[in-house]
$ cat work.pdb   # PDB, C-alpha atoms
ATOM      1  CA  MET A  28     -53.574  69.301  10.888
ATOM      2  CA  SER A  29     -50.815  70.728   8.678
ATOM      3  CA  ALA A  30     -50.075  74.331   7.821
ATOM      4  CA  SER A  31     -51.710  75.851   4.790
ATOM      5  CA  PRO A  32     -49.702  75.937   1.540
ATOM      6  CA  ASN A  33     -49.457  79.722   1.827
ATOM      7  CA  ALA A  34     -48.044  79.468   5.346
ATOM      8  CA  GLU A  35     -45.530  76.832   4.180
ATOM      9  CA  ARG A  36     -44.457  79.041   1.273
ATOM     10  CA  GLU A  37     -43.946  81.945   3.668
ATOM     11  CA  VAL A  38     -41.818  79.783   5.976
ATOM     12  CA  ASP A  39     -39.805  78.598   2.936
ATOM     13  CA  ARG A  40     -39.401  82.165   1.684
ATOM     14  CA  GLN A  41     -38.149  83.347   5.071
ATOM     15  CA  MET A  42     -35.757  80.390   5.419
ATOM     16  CA  ILE A  43     -34.344  81.044   1.945
ATOM     17  CA  GLN A  44     -33.946  84.744   2.666
ATOM     18  CA  ASP A  45     -32.149  83.951   5.939
ATOM     19  CA  ALA A  46     -29.937  81.339   4.250
ATOM     20  CA  LEU A  47     -28.954  83.758   1.498
ATOM     21  CA  SER A  48     -28.035  86.377   4.099
ATOM     22  CA  GLY A  49     -25.187  84.290   5.521
ATOM     23  CA  ASP A  50     -23.899  81.392   7.566
ATOM     24  CA  PRO A  51     -26.301  81.375  10.542
ATOM     25  CA  GLY A  52     -29.277  81.299   8.172
ATOM     26  CA  PHE A  53     -27.812  78.588   5.964
ATOM     27  CA  GLU A  54     -26.903  76.541   9.038
ATOM     28  CA  LYS A  55     -30.560  76.783  10.117
ATOM     29  CA  LEU A  56     -31.654  75.464   6.696
ATOM     30  CA  VAL A  57     -29.179  72.563   6.962
ATOM     31  CA  LYS A  58     -30.411  71.681  10.454
ATOM     32  CA  ALA A  59     -34.026  71.778   9.233
ATOM     33  CA  TYR A  60     -33.394  69.342   6.343
ATOM     34  CA  GLU A  61     -30.330  67.255   7.211
ATOM     35  CA  ARG A  62     -32.275  64.306   8.667
ATOM     36  CA  MET A  63     -34.643  64.146   5.683
ATOM     37  CA  VAL A  64     -31.743  64.377   3.211
ATOM     38  CA  TYR A  65     -29.767  61.640   4.960
ATOM     39  CA  ARG A  66     -32.812  59.330   5.208
ATOM     40  CA  VAL A  67     -33.626  59.748   1.505
ATOM     41  CA  ALA A  68     -30.009  59.156   0.467
ATOM     42  CA  TYR A  69     -29.764  56.114   2.741
ATOM     43  CA  ARG A  70     -32.972  54.666   1.266
ATOM     44  CA  PHE A  71     -31.415  54.861  -2.201
ATOM     45  CA  LEU A  72     -27.882  53.768  -1.300
ATOM     46  CA  ASN A  73     -28.330  51.502   1.735
ATOM     47  CA  ASN A  74     -24.894  52.570   2.974
ATOM     48  CA  GLU A  75     -24.177  55.048   5.785
ATOM     49  CA  SER A  76     -20.944  56.419   4.341
ATOM     50  CA  ASP A  77     -22.354  56.881   0.838
ATOM     51  CA  ALA A  78     -25.507  58.504   2.262
ATOM     52  CA  SER A  79     -23.371  60.942   4.281
ATOM     53  CA  ASP A  80     -21.326  61.797   1.183
ATOM     54  CA  VAL A  81     -24.476  62.436  -0.851
ATOM     55  CA  ALA A  82     -26.001  64.523   1.960
ATOM     56  CA  GLN A  83     -22.898  66.707   2.053
ATOM     57  CA  GLU A  84     -23.021  67.166  -1.729
ATOM     58  CA  VAL A  85     -26.742  68.017  -1.528
ATOM     59  CA  PHE A  86     -26.072  70.954   0.780
ATOM     60  CA  ILE A  87     -23.180  72.148  -1.381
ATOM     61  CA  ARG A  88     -25.580  72.152  -4.354
ATOM     62  CA  VAL A  89     -28.318  73.854  -2.335
ATOM     63  CA  HIS A  90     -25.853  76.537  -1.217
ATOM     64  CA  LYS A  91     -24.716  77.175  -4.800
ATOM     65  CA  SER A  92     -28.224  77.152  -6.315
ATOM     66  CA  LEU A  93     -30.450  78.633  -3.624
ATOM     67  CA  SER A  94     -30.483  82.090  -5.197
ATOM     68  CA  GLN A  95     -31.978  80.536  -8.363
ATOM     69  CA  PHE A  96     -34.738  78.660  -6.500
ATOM     70  CA  ARG A  97     -37.967  79.889  -8.110
ATOM     71  CA  GLY A  98     -40.434  78.541  -5.588
ATOM     72  CA  ASP A  99     -42.473  76.554  -8.142
ATOM     73  CA  SER A 100     -42.460  73.765  -5.563
ATOM     74  CA  GLY A 101     -41.860  73.714  -1.838
ATOM     75  CA  LEU A 102     -38.304  74.014  -0.579
ATOM     76  CA  SER A 103     -38.471  70.481   0.862
ATOM     77  CA  THR A 104     -39.584  69.107  -2.526
ATOM     78  CA  TRP A 105     -36.688  70.868  -4.273
ATOM     79  CA  ILE A 106     -34.166  69.551  -1.736
ATOM     80  CA  TYR A 107     -35.708  66.048  -1.952
ATOM     81  CA  ASN A 108     -35.297  66.080  -5.746
ATOM     82  CA  ILE A 109     -31.659  67.162  -5.486
ATOM     83  CA  THR A 110     -31.080  64.348  -2.986
ATOM     84  CA  ALA A 111     -32.793  61.743  -5.174
ATOM     85  CA  ASN A 112     -30.877  62.841  -8.279
ATOM     86  CA  LEU A 113     -27.485  62.832  -6.525
ATOM     87  CA  SER A 114     -28.291  59.434  -4.996
ATOM     88  CA  ARG A 115     -29.106  58.026  -8.447
ATOM     89  CA  ASN A 116     -25.851  59.515  -9.763
ATOM     90  CA  ALA A 117     -23.948  57.814  -6.929
ATOM     91  CA  ILE A 118     -25.569  54.465  -7.784
ATOM     92  CA  ARG A 119     -24.641  54.909 -11.464
ATOM     93  CA  SER A 120     -21.100  55.831 -10.498
ATOM     94  CA  GLN A 121     -20.800  52.707  -8.324
ATOM     95  CA  LYS A 122     -22.051  50.510 -11.183
ATOM     96  CA  ASN A 123     -19.599  52.132 -13.603
ATOM     97  CA  ARG A 124     -16.702  51.579 -11.181
ATOM     98  CA  ALA A 125     -17.731  47.929 -10.853
ATOM     99  CA  LYS A 126     -17.749  47.540 -14.649
ATOM    100  CA  VAL A 127     -14.297  49.095 -14.927
ATOM    101  CA  GLN A 128     -12.963  46.723 -12.260
ATOM    102  CA  VAL A 129     -14.395  43.735 -14.147
ATOM    103  CA  LEU A 130     -12.866  44.962 -17.412
ATOM    104  CA  ALA A 131      -9.474  45.809 -15.918
ATOM    105  CA  PRO A 132      -6.799  43.232 -16.774
ATOM    106  CA  GLN A 133      -5.687  41.024 -13.901
ATOM    107  CA  THR A 134      -2.063  41.591 -12.938
ATOM    108  CA  GLY A 135       0.393  39.023 -11.669
ATOM    109  CA  GLU A 136      -0.997  36.017 -13.505
TER     110      GLU A 136
END

$ encode --input "work.pdb" --output "C-alpha coordinates"
Amino acid sequence: MSASPNAEREVDRQMIQDALSGDPGFEKLVKAYERMVYRVAYRFLNNESDASDVAQEVFIRVHKSLSQFRGDSGLSTWIYNITANLSRNAIRSQKNRAKVQVLAPQTGE
(Lines of atoms letter the chains of each structure in order from A and count residues from 1; the text may use other names and numbers.)
(Lines give C-alpha, C1' and ligand atoms only; values in the text may rest on other atoms or scores of the structure.)
Protein backbone atom coordinates (compact mmCIF):
# COMPACT_ATOMS: atom_id res chain seq x y z
CA MET A 1 0.00 0.00 0.00
CA SER A 2 1.52 3.34 -1.04
CA ALA A 3 1.11 6.74 0.55
CA SER A 4 -1.70 8.96 -0.63
CA PRO A 5 -0.88 11.62 -3.24
CA ASN A 6 -1.44 14.32 -0.62
CA ALA A 7 1.02 12.67 1.75
CA GLU A 8 3.58 12.35 -1.07
CA ARG A 9 3.15 16.02 -1.97
CA GLU A 10 3.70 16.98 1.66
CA VAL A 11 6.88 14.88 1.83
CA ASP A 12 8.06 16.50 -1.44
CA ARG A 13 7.22 19.97 -0.15
CA GLN A 14 9.16 19.39 3.06
CA MET A 15 12.16 17.92 1.20
CA ILE A 16 12.22 20.90 -1.16
CA GLN A 17 11.96 23.35 1.72
CA ASP A 18 14.82 21.59 3.53
CA ALA A 19 16.94 21.47 0.35
CA LEU A 20 16.42 25.17 -0.29
CA SER A 21 17.48 25.96 3.28
CA GLY A 22 21.03 24.69 2.74
CA ASP A 23 23.52 21.89 2.32
CA PRO A 24 22.24 19.28 4.81
CA GLY A 25 18.78 19.46 3.25
CA PHE A 26 20.06 19.28 -0.31
CA GLU A 27 22.33 16.37 0.63
CA LYS A 28 19.24 14.56 1.96
CA LEU A 29 17.47 15.13 -1.38
CA VAL A 30 20.50 13.78 -3.28
CA LYS A 31 20.66 10.69 -1.07
CA ALA A 32 16.93 10.10 -1.58
CA TYR A 33 17.17 10.19 -5.41
CA GLU A 34 20.75 9.32 -6.38
CA ARG A 35 20.09 5.60 -6.97
CA MET A 36 17.01 6.29 -9.11
CA VAL A 37 18.86 8.96 -11.13
CA TYR A 38 21.86 6.70 -11.75
CA ARG A 39 19.66 3.72 -12.74
CA VAL A 40 17.66 5.83 -15.21
CA ALA A 41 20.80 7.34 -16.74
CA TYR A 42 22.44 3.91 -16.98
CA ARG A 43 19.36 2.49 -18.72
CA PHE A 44 19.67 5.18 -21.38
CA LEU A 45 23.45 5.20 -21.74
CA ASN A 46 24.51 1.65 -20.84
CA ASN A 47 27.82 3.02 -19.55
CA GLU A 48 28.79 3.50 -15.89
CA SER A 49 31.00 6.54 -16.43
CA ASP A 50 28.50 8.34 -18.66
CA ALA A 51 25.66 7.54 -16.23
CA SER A 52 27.70 8.98 -13.34
CA ASP A 53 28.42 12.13 -15.35
CA VAL A 54 24.73 12.57 -16.18
CA ALA A 55 23.73 11.93 -12.55
CA GLN A 56 26.11 14.64 -11.39
CA GLU A 57 24.71 17.08 -13.96
CA VAL A 58 21.15 16.19 -12.90
CA PHE A 59 21.81 17.28 -9.32
CA ILE A 60 23.52 20.47 -10.49
CA ARG A 61 20.38 21.26 -12.51
CA VAL A 62 18.10 20.33 -9.62
CA HIS A 63 20.10 22.59 -7.29
CA LYS A 64 19.88 25.52 -9.72
CA SER A 65 16.18 25.04 -10.55
CA LEU A 66 14.63 23.76 -7.33
CA SER A 67 13.31 27.18 -6.31
CA GLN A 68 11.30 27.27 -9.57
CA PHE A 69 9.77 23.81 -9.08
CA ARG A 70 6.01 24.41 -9.21
CA GLY A 71 4.83 21.06 -7.91
CA ASP A 72 2.62 20.29 -10.93
CA SER A 73 4.08 16.79 -10.75
CA GLY A 74 5.80 14.86 -8.01
CA LEU A 75 9.41 15.70 -7.20
CA SER A 76 10.52 12.23 -8.35
CA THR A 77 8.75 12.73 -11.71
CA TRP A 78 10.47 16.10 -12.19
CA ILE A 79 13.89 14.64 -11.35
CA TYR A 80 13.21 11.62 -13.61
CA ASN A 81 12.39 13.95 -16.52
CA ILE A 82 15.58 15.97 -15.98
CA THR A 83 17.54 12.70 -15.94
CA ALA A 84 15.88 11.39 -19.10
CA ASN A 85 16.42 14.68 -20.95
CA LEU A 86 20.10 14.95 -19.95
CA SER A 87 20.62 11.29 -20.89
CA ARG A 88 19.11 11.92 -24.34
CA ASN A 89 21.36 14.98 -24.70
CA ALA A 90 24.39 12.84 -23.82
CA ILE A 91 23.40 10.26 -26.46
CA ARG A 92 23.01 13.02 -29.07
CA SER A 93 26.36 14.48 -28.09
CA GLN A 94 28.03 11.07 -28.46
CA LYS A 95 26.49 10.62 -31.93
CA ASN A 96 27.62 14.10 -32.97
CA ARG A 97 31.18 13.41 -31.76
CA ALA A 98 31.17 10.16 -33.75
CA LYS A 99 30.06 12.03 -36.89
CA VAL A 100 32.80 14.62 -36.44
CA GLN A 101 35.41 11.87 -36.06
CA VAL A 102 34.19 10.21 -39.27
CA LEU A 103 34.29 13.54 -41.12
CA ALA A 104 37.69 14.59 -39.77
CA PRO A 105 40.48 14.19 -42.34
CA GLN A 106 42.91 11.36 -41.67
CA THR A 107 46.42 12.59 -40.93
CA GLY A 108 49.68 10.91 -41.85
CA GLU A 109 48.51 9.23 -45.04

$ closest_residue --input "work.pdb" --among "A:Asn73, A:Ser31, A:Ser94, A:Asn116" --to "Ser48 (chain A)" --atoms "all atoms listed in the file"
A:Ser94

$ closest_residue --input "work.pdb" --among "A:Val81, A:Phe96, A:Ala59, A:Tyr69" --to "Gln44 (chain A)" --atoms "only C-alpha atoms"
A:Phe96

$ resolve_selection --input "work.pdb" --expression "the PyMOL selection byres ((chain A and resi 53) around 10)" --output "ChimeraX atom specification"
/A:42-52,54-59,86,89-90,93

$ write_last_selection --input "work.pdb" --atoms "C-alpha atoms" --output "short mmCIF file (atom, residue, chain, number, x, y, z; two decimals), in the coordinates of the input"
data_model
loop_
_atom_site.label_atom_id
_atom_site.label_comp_id
_atom_site.auth_asym_id
_atom_site.auth_seq_id
_atom_site.Cartn_x
_atom_site.Cartn_y
_atom_site.Cartn_z
CA MET A 42 -35.76 80.39 5.42
CA ILE A 43 -34.34 81.04 1.94
CA GLN A 44 -33.95 84.74 2.67
CA ASP A 45 -32.15 83.95 5.94
CA ALA A 46 -29.94 81.34 4.25
CA LEU A 47 -28.95 83.76 1.50
CA SER A 48 -28.04 86.38 4.10
CA GLY A 49 -25.19 84.29 5.52
CA ASP A 50 -23.90 81.39 7.57
CA PRO A 51 -26.30 81.38 10.54
CA GLY A 52 -29.28 81.30 8.17
CA GLU A 54 -26.90 76.54 9.04
CA LYS A 55 -30.56 76.78 10.12
CA LEU A 56 -31.65 75.46 6.70
CA VAL A 57 -29.18 72.56 6.96
CA LYS A 58 -30.41 71.68 10.45
CA ALA A 59 -34.03 71.78 9.23
CA PHE A 86 -26.07 70.95 0.78
CA VAL A 89 -28.32 73.85 -2.34
CA HIS A 90 -25.85 76.54 -1.22
CA LEU A 93 -30.45 78.63 -3.62
#

$ resolve_selection --input "work.pdb" --expression "the PyMOL selection byres ((chain A and resi 66) around 12)" --output "list of chain:residue names"
A:Tyr60, A:Glu61, A:Arg62, A:Met63, A:Val64, A:Tyr65, A:Val67, A:Ala68, A:Tyr69, A:Arg70, A:Phe71, A:Leu72, A:Asn73, A:Asn74, A:Glu75, A:Asp77, A:Ala78, A:Ser79, A:Val81, A:Ala82, A:Tyr107, A:Thr110, A:Ala111, A:Ser114

$ atom_distance --input "work.pdb" --atom1 "CA of Leu102 (chain A)" --atom2 "CA of Arg40 (chain A)"
8.5 Å

$ atom_distance --input "work.pdb" --atom1 "CA of Ser92 (chain A)" --atom2 "CA of Lys122 (chain A)"
27.8 Å

$ atom_distance --input "work.pdb" --atom1 "CA of Ile118 (chain A)" --atom2 "CA of Gly98 (chain A)"
28.4 Å
